[in-house]
Amino acid sequence: MKIAVVGGTGLIGSQVVKNLKAAGHQAVPHSLSTGLDIITGQGLEEAVAGADVVVNLSNSPTFDEASIDFFRTSMNNLLAAAERAGVGHFVVLSIVGVDQVPQLDYYRAKTLQEEILTAGPIPYSIVRATQFMEFMDAVMSETAEGSTVRLPHTPIQPIAAAEVAATVAEVAAGPPLNGILNIAGPDVYTLDDLGRITVTVKGDGRSVVTDDTAGMFAAVPGDFLIAHGDARIAPTHYADWLA
């Protein structure tokens, strides 16, 4: 199949393209760097022309309220172009528990993205993943102050980006789910404990202090960031990934 991968040069997208090509598909990456602007529509018709599947891995440049307009505009543009091109399957990568945390602007934005997709004209699949292991350094830097990192006691279930990419590629090459597939790593940690594991293994030297008001994930109550029910559990443990 010909598969257009929007956001195909990023952390997940580049691996999705690689996996799809290895499986024998014609996977074409698209992004700002290749001339596609999903907000203005520049290059959009060319990107989806002849595609059997569109995979949307694009992301908002901010995590604040502006992300809502980004996902509204980009999804409407992409779906309209994909429908005109006769695309038969549209895949989006989202977040486990995304519709349970309306107090986060970015989560509301991603929920809107899902709603636009499910109400649209094209058969679809949504892959919801838990927090990427690769993002732990960024999460810690958000609340770092000198030799101290403040993190909340929020439960999370980190997953390796490579396993997310493999699942997205598999779903893209298959029939539309017309539903949601949840994927997660094998272990549940609290974010502060995950921070302590990280600094210990890396010999970081900083100390991690529990602070339930620190960072974006402080706004997430309960266990909405971990997978429940019939989620697919990936095999890579965080300690092994760090090593």
# chains A, B, ... in the order shown; residues from 1 in each chain; ligands from 1

call {"tool": "select_by_dssp", "arguments": {"residues": "chain A", "states": "alpha helix (DSSP H)", "output": "short mmCIF file (atom, residue, chain, number, x, y, z; two decimals) with N, CA, C and O atoms, in the first residue's frame"}}
result
data_model
loop_
_atom_site.label_atom_id
_atom_site.label_comp_id
_atom_site.auth_asym_id
_atom_site.auth_seq_id
_atom_site.Cartn_x
_atom_site.Cartn_y
_atom_site.Cartn_z
N LEU A 11 10.18 11.64 16.09
CA LEU A 11 10.59 10.49 16.90
C LEU A 11 9.82 9.23 16.55
O LEU A 11 10.41 8.17 16.31
N ILE A 12 8.50 9.32 16.52
CA ILE A 12 7.67 8.16 16.19
C ILE A 12 7.57 7.99 14.68
O ILE A 12 7.70 6.89 14.14
N GLY A 13 7.33 9.10 13.97
CA GLY A 13 7.08 9.03 12.53
C GLY A 13 8.20 8.40 11.74
O GLY A 13 7.95 7.59 10.83
N SER A 14 9.43 8.75 12.07
CA SER A 14 10.55 8.19 11.31
C SER A 14 10.64 6.68 11.49
O SER A 14 10.99 5.95 10.55
N GLN A 15 10.31 6.20 12.68
CA GLN A 15 10.33 4.75 12.92
C GLN A 15 9.14 4.06 12.28
O GLN A 15 9.26 2.92 11.80
N VAL A 16 7.98 4.73 12.24
CA VAL A 16 6.83 4.17 11.55
C VAL A 16 7.14 3.99 10.07
O VAL A 16 6.86 2.94 9.47
N VAL A 17 7.73 5.01 9.46
CA VAL A 17 8.11 4.93 8.04
C VAL A 17 9.07 3.77 7.81
O VAL A 17 8.90 2.97 6.86
N LYS A 18 10.07 3.65 8.66
CA LYS A 18 11.05 2.56 8.52
C LYS A 18 10.38 1.19 8.62
O LYS A 18 10.65 0.28 7.82
N ASN A 19 9.48 1.03 9.60
CA ASN A 19 8.81 -0.25 9.80
C ASN A 19 7.90 -0.59 8.61
O ASN A 19 7.84 -1.75 8.18
N LEU A 20 7.19 0.40 8.11
CA LEU A 20 6.30 0.15 6.98
C LEU A 20 7.08 -0.22 5.72
O LEU A 20 6.68 -1.12 4.97
N LYS A 21 8.19 0.47 5.50
CA LYS A 21 9.02 0.14 4.33
C LYS A 21 9.58 -1.28 4.46
O LYS A 21 9.64 -2.02 3.47
N ALA A 22 9.98 -1.65 5.67
CA ALA A 22 10.52 -2.99 5.89
C ALA A 22 9.47 -4.06 5.62
O ALA A 22 9.79 -5.20 5.25
N LEU A 44 -0.71 19.88 0.81
CA LEU A 44 -1.59 18.83 1.36
C LEU A 44 -2.14 17.90 0.29
O LEU A 44 -2.12 16.67 0.45
N GLU A 45 -2.62 18.45 -0.80
CA GLU A 45 -3.18 17.61 -1.86
C GLU A 45 -2.13 16.66 -2.41
O GLU A 45 -2.41 15.47 -2.66
N GLU A 46 -0.92 17.18 -2.59
CA GLU A 46 0.17 16.34 -3.11
C GLU A 46 0.54 15.24 -2.12
O GLU A 46 0.86 14.11 -2.52
N ALA A 47 0.47 15.55 -0.83
CA ALA A 47 0.88 14.57 0.19
C ALA A 47 -0.04 13.37 0.24
O ALA A 47 0.41 12.24 0.46
N VAL A 48 -1.34 13.60 0.05
CA VAL A 48 -2.29 12.49 0.18
C VAL A 48 -2.67 11.86 -1.15
O VAL A 48 -3.38 10.85 -1.19
N ALA A 66 -3.47 27.06 22.82
CA ALA A 66 -3.31 27.18 21.36
C ALA A 66 -3.31 25.82 20.67
O ALA A 66 -3.59 25.73 19.47
N SER A 67 -3.01 24.75 21.41
CA SER A 67 -2.99 23.42 20.81
C SER A 67 -4.39 23.00 20.34
O SER A 67 -4.52 22.19 19.41
N ILE A 68 -5.42 23.55 20.95
CA ILE A 68 -6.78 23.20 20.55
C ILE A 68 -7.04 23.66 19.11
O ILE A 68 -7.56 22.91 18.28
N ASP A 69 -6.67 24.90 18.81
CA ASP A 69 -6.84 25.39 17.44
C ASP A 69 -5.97 24.63 16.45
O ASP A 69 -6.38 24.39 15.31
N PHE A 70 -4.77 24.25 16.89
CA PHE A 70 -3.88 23.50 16.01
C PHE A 70 -4.54 22.19 15.56
O PHE A 70 -4.60 21.88 14.37
N PHE A 71 -5.03 21.41 16.53
CA PHE A 71 -5.59 20.12 16.17
C PHE A 71 -6.92 20.25 15.44
O PHE A 71 -7.23 19.45 14.55
N ARG A 72 -7.71 21.28 15.77
CA ARG A 72 -8.96 21.48 15.05
C ARG A 72 -8.68 21.78 13.57
O ARG A 72 -9.25 21.15 12.67
N THR A 73 -7.81 22.73 13.32
CA THR A 73 -7.52 23.13 11.95
C THR A 73 -6.82 22.02 11.17
O THR A 73 -7.20 21.72 10.03
N SER A 74 -5.81 21.42 11.77
CA SER A 74 -5.04 20.40 11.05
C SER A 74 -5.88 19.18 10.73
O SER A 74 -5.81 18.64 9.61
N MET A 75 -6.71 18.74 11.66
CA MET A 75 -7.53 17.56 11.39
C MET A 75 -8.59 17.84 10.33
O MET A 75 -8.84 17.01 9.44
N ASN A 76 -9.22 18.99 10.41
CA ASN A 76 -10.22 19.33 9.39
C ASN A 76 -9.58 19.40 8.00
O ASN A 76 -10.13 18.90 7.01
N ASN A 77 -8.39 20.00 7.93
CA ASN A 77 -7.69 20.09 6.64
C ASN A 77 -7.30 18.71 6.12
O ASN A 77 -7.48 18.39 4.94
N LEU A 78 -6.72 17.90 6.99
CA LEU A 78 -6.26 16.58 6.58
C LEU A 78 -7.41 15.68 6.16
O LEU A 78 -7.33 14.97 5.15
N LEU A 79 -8.48 15.67 6.94
CA LEU A 79 -9.61 14.80 6.61
C LEU A 79 -10.27 15.20 5.30
O LEU A 79 -10.63 14.34 4.49
N ALA A 80 -10.40 16.51 5.08
CA ALA A 80 -11.01 16.97 3.83
C ALA A 80 -10.16 16.56 2.64
O ALA A 80 -10.69 16.07 1.62
N ALA A 81 -8.86 16.74 2.74
CA ALA A 81 -7.98 16.37 1.63
C ALA A 81 -7.96 14.86 1.42
O ALA A 81 -7.95 14.38 0.28
N ALA A 82 -7.95 14.10 2.53
CA ALA A 82 -7.94 12.65 2.42
C ALA A 82 -9.22 12.12 1.79
O ALA A 82 -9.19 11.18 0.99
N GLU A 83 -10.35 12.73 2.14
CA GLU A 83 -11.61 12.30 1.53
C GLU A 83 -11.60 12.56 0.03
O GLU A 83 -12.01 11.71 -0.78
N ARG A 84 -11.13 13.74 -0.38
CA ARG A 84 -11.07 14.06 -1.81
C ARG A 84 -10.16 13.09 -2.55
O ARG A 84 -10.39 12.78 -3.73
N ALA A 85 -9.12 12.62 -1.86
CA ALA A 85 -8.15 11.72 -2.50
C ALA A 85 -8.59 10.26 -2.48
O ALA A 85 -7.90 9.40 -3.03
N ASP A 105 -5.06 21.54 28.93
CA ASP A 105 -5.38 22.07 27.60
C ASP A 105 -5.00 21.09 26.50
O ASP A 105 -5.76 20.85 25.56
N TYR A 106 -3.79 20.53 26.60
CA TYR A 106 -3.30 19.65 25.55
C TYR A 106 -4.14 18.39 25.44
O TYR A 106 -4.41 17.89 24.34
N TYR A 107 -4.58 17.87 26.58
CA TYR A 107 -5.42 16.67 26.55
C TYR A 107 -6.79 16.98 25.95
O TYR A 107 -7.36 16.16 25.22
N ARG A 108 -7.32 18.16 26.23
CA ARG A 108 -8.58 18.56 25.59
C ARG A 108 -8.39 18.67 24.08
O ARG A 108 -9.27 18.31 23.30
N ALA A 109 -7.22 19.17 23.67
CA ALA A 109 -6.94 19.31 22.25
C ALA A 109 -6.86 17.95 21.56
O ALA A 109 -7.39 17.76 20.46
N LYS A 110 -6.19 17.00 22.19
CA LYS A 110 -6.08 15.66 21.61
C LYS A 110 -7.44 14.95 21.61
O LYS A 110 -7.74 14.17 20.68
N THR A 111 -8.25 15.20 22.62
CA THR A 111 -9.60 14.64 22.63
C THR A 111 -10.41 15.19 21.47
O THR A 111 -11.14 14.45 20.78
N LEU A 112 -10.28 16.48 21.21
CA LEU A 112 -10.96 17.09 20.07
C LEU A 112 -10.49 16.45 18.77
O LEU A 112 -11.30 16.18 17.86
N GLN A 113 -9.20 16.20 18.65
CA GLN A 113 -8.66 15.54 17.45
C GLN A 113 -9.36 14.19 17.23
O GLN A 113 -9.77 13.86 16.11
N GLU A 114 -9.48 13.41 18.30
CA GLU A 114 -10.16 12.12 18.20
C GLU A 114 -11.62 12.30 17.78
O GLU A 114 -12.14 11.54 16.94
N GLU A 115 -12.30 13.28 18.37
CA GLU A 115 -13.71 13.49 18.07
C GLU A 115 -13.92 13.88 16.61
O GLU A 115 -14.88 13.41 15.97
N ILE A 116 -13.05 14.72 16.08
CA ILE A 116 -13.15 15.11 14.67
C ILE A 116 -12.95 13.88 13.77
O ILE A 116 -13.65 13.70 12.78
N LEU A 117 -11.99 13.03 14.13
CA LEU A 117 -11.73 11.83 13.35
C LEU A 117 -12.92 10.88 13.36
O LEU A 117 -13.35 10.39 12.31
N THR A 118 -13.45 10.60 14.55
CA THR A 118 -14.53 9.62 14.65
C THR A 118 -15.82 10.11 14.00
O THR A 118 -16.64 9.31 13.55
N MET A 136 11.13 11.28 29.50
CA MET A 136 11.35 11.44 30.94
C MET A 136 12.30 12.58 31.25
O MET A 136 12.09 13.35 32.20
N ASP A 137 13.34 12.75 30.45
CA ASP A 137 14.28 13.86 30.69
C ASP A 137 13.57 15.21 30.58
O ASP A 137 13.81 16.12 31.38
N ALA A 138 12.69 15.34 29.59
CA ALA A 138 11.96 16.60 29.41
C ALA A 138 11.00 16.84 30.57
O ALA A 138 10.84 17.98 31.04
N VAL A 139 10.35 15.78 31.04
CA VAL A 139 9.43 15.90 32.18
C VAL A 139 10.20 16.38 33.41
O VAL A 139 9.73 17.26 34.15
N MET A 140 11.38 15.83 33.61
CA MET A 140 12.18 16.21 34.78
C MET A 140 12.73 17.63 34.67
O MET A 140 12.78 18.37 35.65
N SER A 141 13.12 18.03 33.47
CA SER A 141 13.69 19.36 33.30
C SER A 141 12.67 20.46 33.55
O SER A 141 13.02 21.58 33.92
N GLU A 142 11.39 20.13 33.36
CA GLU A 142 10.32 21.12 33.55
C GLU A 142 10.29 21.64 34.98
O GLU A 142 9.98 22.81 35.23
N ALA A 161 9.30 4.29 22.75
CA ALA A 161 8.81 4.85 21.50
C ALA A 161 8.86 3.84 20.36
O ALA A 161 7.98 3.83 19.48
N ALA A 162 9.88 2.99 20.35
CA ALA A 162 10.01 1.99 19.28
C ALA A 162 8.81 1.05 19.26
O ALA A 162 8.36 0.62 18.18
N GLU A 163 8.28 0.75 20.43
CA GLU A 163 7.13 -0.16 20.50
C GLU A 163 5.84 0.54 20.11
O GLU A 163 4.93 -0.07 19.55
N VAL A 164 5.77 1.84 20.38
CA VAL A 164 4.64 2.63 19.89
C VAL A 164 4.66 2.66 18.36
O VAL A 164 3.65 2.43 17.70
N ALA A 165 5.83 2.95 17.80
CA ALA A 165 5.96 3.03 16.35
C ALA A 165 5.62 1.70 15.68
O ALA A 165 4.96 1.68 14.63
N ALA A 166 6.05 0.61 16.27
CA ALA A 166 5.76 -0.71 15.69
C ALA A 166 4.26 -0.98 15.67
O ALA A 166 3.73 -1.53 14.70
N THR A 167 3.57 -0.57 16.73
CA THR A 167 2.13 -0.78 16.79
C THR A 167 1.40 0.11 15.79
O THR A 167 0.47 -0.34 15.11
N VAL A 168 1.80 1.36 15.70
CA VAL A 168 1.18 2.27 14.72
C VAL A 168 1.35 1.73 13.31
O VAL A 168 0.41 1.74 12.50
N ALA A 169 2.55 1.26 12.99
CA ALA A 169 2.80 0.71 11.65
C ALA A 169 1.93 -0.52 11.39
O ALA A 169 1.36 -0.67 10.30
N GLU A 170 1.82 -1.37 12.39
CA GLU A 170 0.98 -2.57 12.25
C GLU A 170 -0.49 -2.20 12.00
O GLU A 170 -1.15 -2.77 11.13
N VAL A 171 -0.98 -1.24 12.78
CA VAL A 171 -2.38 -0.81 12.63
C VAL A 171 -2.60 -0.16 11.26
O VAL A 171 -3.60 -0.40 10.59
N ALA A 172 -1.64 0.65 10.83
CA ALA A 172 -1.77 1.34 9.55
C ALA A 172 -1.84 0.35 8.39
O ALA A 172 -2.53 0.60 7.39
N ALA A 173 -1.14 -0.75 8.51
CA ALA A 173 -1.10 -1.74 7.43
C ALA A 173 -2.29 -2.70 7.47
O ALA A 173 -2.47 -3.50 6.54
N LEU A 191 5.41 8.91 39.19
CA LEU A 191 6.35 9.74 38.45
C LEU A 191 7.58 10.11 39.28
O LEU A 191 8.70 10.15 38.76
N ASP A 192 7.37 10.38 40.57
CA ASP A 192 8.53 10.72 41.41
C ASP A 192 9.48 9.53 41.56
O ASP A 192 10.70 9.70 41.50
N ASP A 193 8.94 8.33 41.71
CA ASP A 193 9.80 7.14 41.81
C ASP A 193 10.53 6.89 40.49
O ASP A 193 11.69 6.48 40.48
N LEU A 194 9.85 7.14 39.38
CA LEU A 194 10.50 6.98 38.07
C LEU A 194 11.65 7.97 37.93
O LEU A 194 12.71 7.65 37.37
N GLY A 195 11.46 9.16 38.46
CA GLY A 195 12.54 10.14 38.46
C GLY A 195 13.73 9.67 39.27
O GLY A 195 14.89 9.85 38.87
N ARG A 196 13.47 9.07 40.41
CA ARG A 196 14.57 8.56 41.26
C ARG A 196 15.33 7.43 40.56
O ARG A 196 16.56 7.37 40.64
N ILE A 197 14.59 6.56 39.90
CA ILE A 197 15.26 5.49 39.14
C ILE A 197 16.14 6.10 38.06
O ILE A 197 17.28 5.67 37.85
N THR A 198 15.63 7.12 37.39
CA THR A 198 16.36 7.75 36.28
C THR A 198 17.66 8.37 36.75
O THR A 198 18.73 8.15 36.15
N VAL A 199 17.61 9.17 37.80
CA VAL A 199 18.83 9.84 38.26
C VAL A 199 19.83 8.85 38.83
O VAL A 199 21.05 9.03 38.71
N THR A 200 19.33 7.76 39.44
CA THR A 200 20.24 6.75 40.00
C THR A 200 20.98 6.01 38.90
O THR A 200 22.21 5.87 38.94
N VAL A 201 20.25 5.53 37.90
CA VAL A 201 20.87 4.76 36.82
C VAL A 201 21.83 5.63 36.02
O VAL A 201 22.91 5.18 35.60
N LYS A 202 21.47 6.90 35.81
CA LYS A 202 22.31 7.80 35.02
C LYS A 202 23.44 8.43 35.82
O LYS A 202 24.29 9.12 35.25
N TYR A 238 11.36 -0.24 31.80
CA TYR A 238 12.07 1.04 31.81
C TYR A 238 13.53 0.88 32.21
O TYR A 238 14.41 1.48 31.59
N ALA A 239 13.82 0.05 33.19
CA ALA A 239 15.20 -0.14 33.64
C ALA A 239 16.05 -0.73 32.52
O ALA A 239 17.22 -0.34 32.34
N ASP A 240 15.48 -1.65 31.76
CA ASP A 240 16.21 -2.23 30.63
C ASP A 240 16.42 -1.20 29.52
O ASP A 240 17.48 -1.16 28.89
N TRP A 241 15.42 -0.37 29.29
CA TRP A 241 15.53 0.67 28.27
C TRP A 241 16.62 1.67 28.67
O TRP A 241 17.42 2.09 27.83
N LEU A 242 16.66 2.05 29.93
CA LEU A 242 17.70 2.98 30.41
C LEU A 242 19.08 2.38 30.23
O LEU A 242 20.02 3.08 29.83
#

call {"tool": "closest_residue", "arguments": {"among": "A:Thr9, A:Thr62, A:Thr143, A:Thr148", "to": "Pro29 in chain A", "atoms": "only C-alpha atoms"}}
result
A:Thr9

call {"tool": "closest_atom_pairs", "arguments": {"of": "range 79-195 of chain A", "to": "range 206-210 of chain A", "cutoff": "6 Å", "atoms": "only C-alpha atoms", "output": "Markdown table"}}
result
| residue | atom | partner | partner_atom | distance |
| --- | --- | --- | --- | --- |
| A:Ser147 | CA | A:Arg206 | CA | 4.6 |
| A:Thr148 | CA | A:Ser207 | CA | 5.0 |
| A:Val149 | CA | A:Val208 | CA | 4.7 |
| A:Arg150 | CA | A:Val209 | CA | 4.8 |
| A:Leu151 | CA | A:Thr210 | CA | 5.3 |
| A:Pro152 | CA | A:Thr210 | CA | 5.5 |
| A:Asp192 | CA | A:Thr210 | CA | 5.8 |

call {"tool": "write_last_selection", "arguments": {"atoms": "N, CA and C atoms", "output": "short mmCIF file (atom, residue, chain, number, x, y, z; two decimals), in the first residue's frame"}}
result
data_model
loop_
_atom_site.label_atom_id
_atom_site.label_comp_id
_atom_site.auth_asym_id
_atom_site.auth_seq_id
_atom_site.Cartn_x
_atom_site.Cartn_y
_atom_site.Cartn_z
N SER A 147 20.00 21.38 41.99
CA SER A 147 20.27 19.95 42.20
C SER A 147 19.03 19.18 42.63
N THR A 148 17.86 19.80 42.48
CA THR A 148 16.60 19.17 42.91
C THR A 148 15.62 19.11 41.75
N VAL A 149 14.93 17.98 41.66
CA VAL A 149 13.84 17.82 40.69
C VAL A 149 12.57 17.53 41.48
N ARG A 150 11.54 18.32 41.25
CA ARG A 150 10.26 18.11 41.93
C ARG A 150 9.30 17.38 40.98
N LEU A 151 8.73 16.29 41.46
CA LEU A 151 7.81 15.50 40.63
C LEU A 151 6.62 15.04 41.48
N PRO A 152 5.45 14.98 40.88
CA PRO A 152 4.28 14.51 41.63
C PRO A 152 4.24 12.99 41.75
N ASP A 192 7.37 10.38 40.57
CA ASP A 192 8.53 10.72 41.41
C ASP A 192 9.48 9.53 41.56
#

call {"tool": "select_by_dssp", "arguments": {"residues": "range 34-126 of chain A", "states": "strand (DSSP E or B)", "output": "ChimeraX atom specification"}}
result
/A:53-56,89-95,124-126

call {"tool": "atom_distance", "arguments": {"atom1": "CA of Phe224 in chain A", "atom2": "CA of Ser60 in chain A"}}
result
21.7 Å

call {"tool": "residues_around", "arguments": {"residues": "Pro176 in chain A", "least_positions_apart": "6", "cutoff": "9 Å", "atoms": "only C-alpha atoms", "output": "PyMOL selection string"}}
result
chain A and resi 88-91+123-125

call {"tool": "atom_distance", "arguments": {"atom1": "CA of Ile159 in chain A", "atom2": "CA of Gly24 in chain A"}}
result
26.0 Å

call {"tool": "closest_residue", "arguments": {"among": "A:Gln100, A:Ser33, A:Thr236, A:Gln26", "to": "Gly50 in chain A", "atoms": "only C-alpha atoms"}}
result
A:Gln26

call {"tool": "atom_distance", "arguments": {"atom1": "CA of Pro61 in chain A", "atom2": "CA of Ile156 in chain A"}}
result
23.5 Å

call {"tool": "closest_residue", "arguments": {"among": "A:Thr130, A:Gly222, A:Tyr189, A:Gly41", "to": "Val96 in chain A", "atoms": "only C-alpha atoms"}}
result
A:Thr130
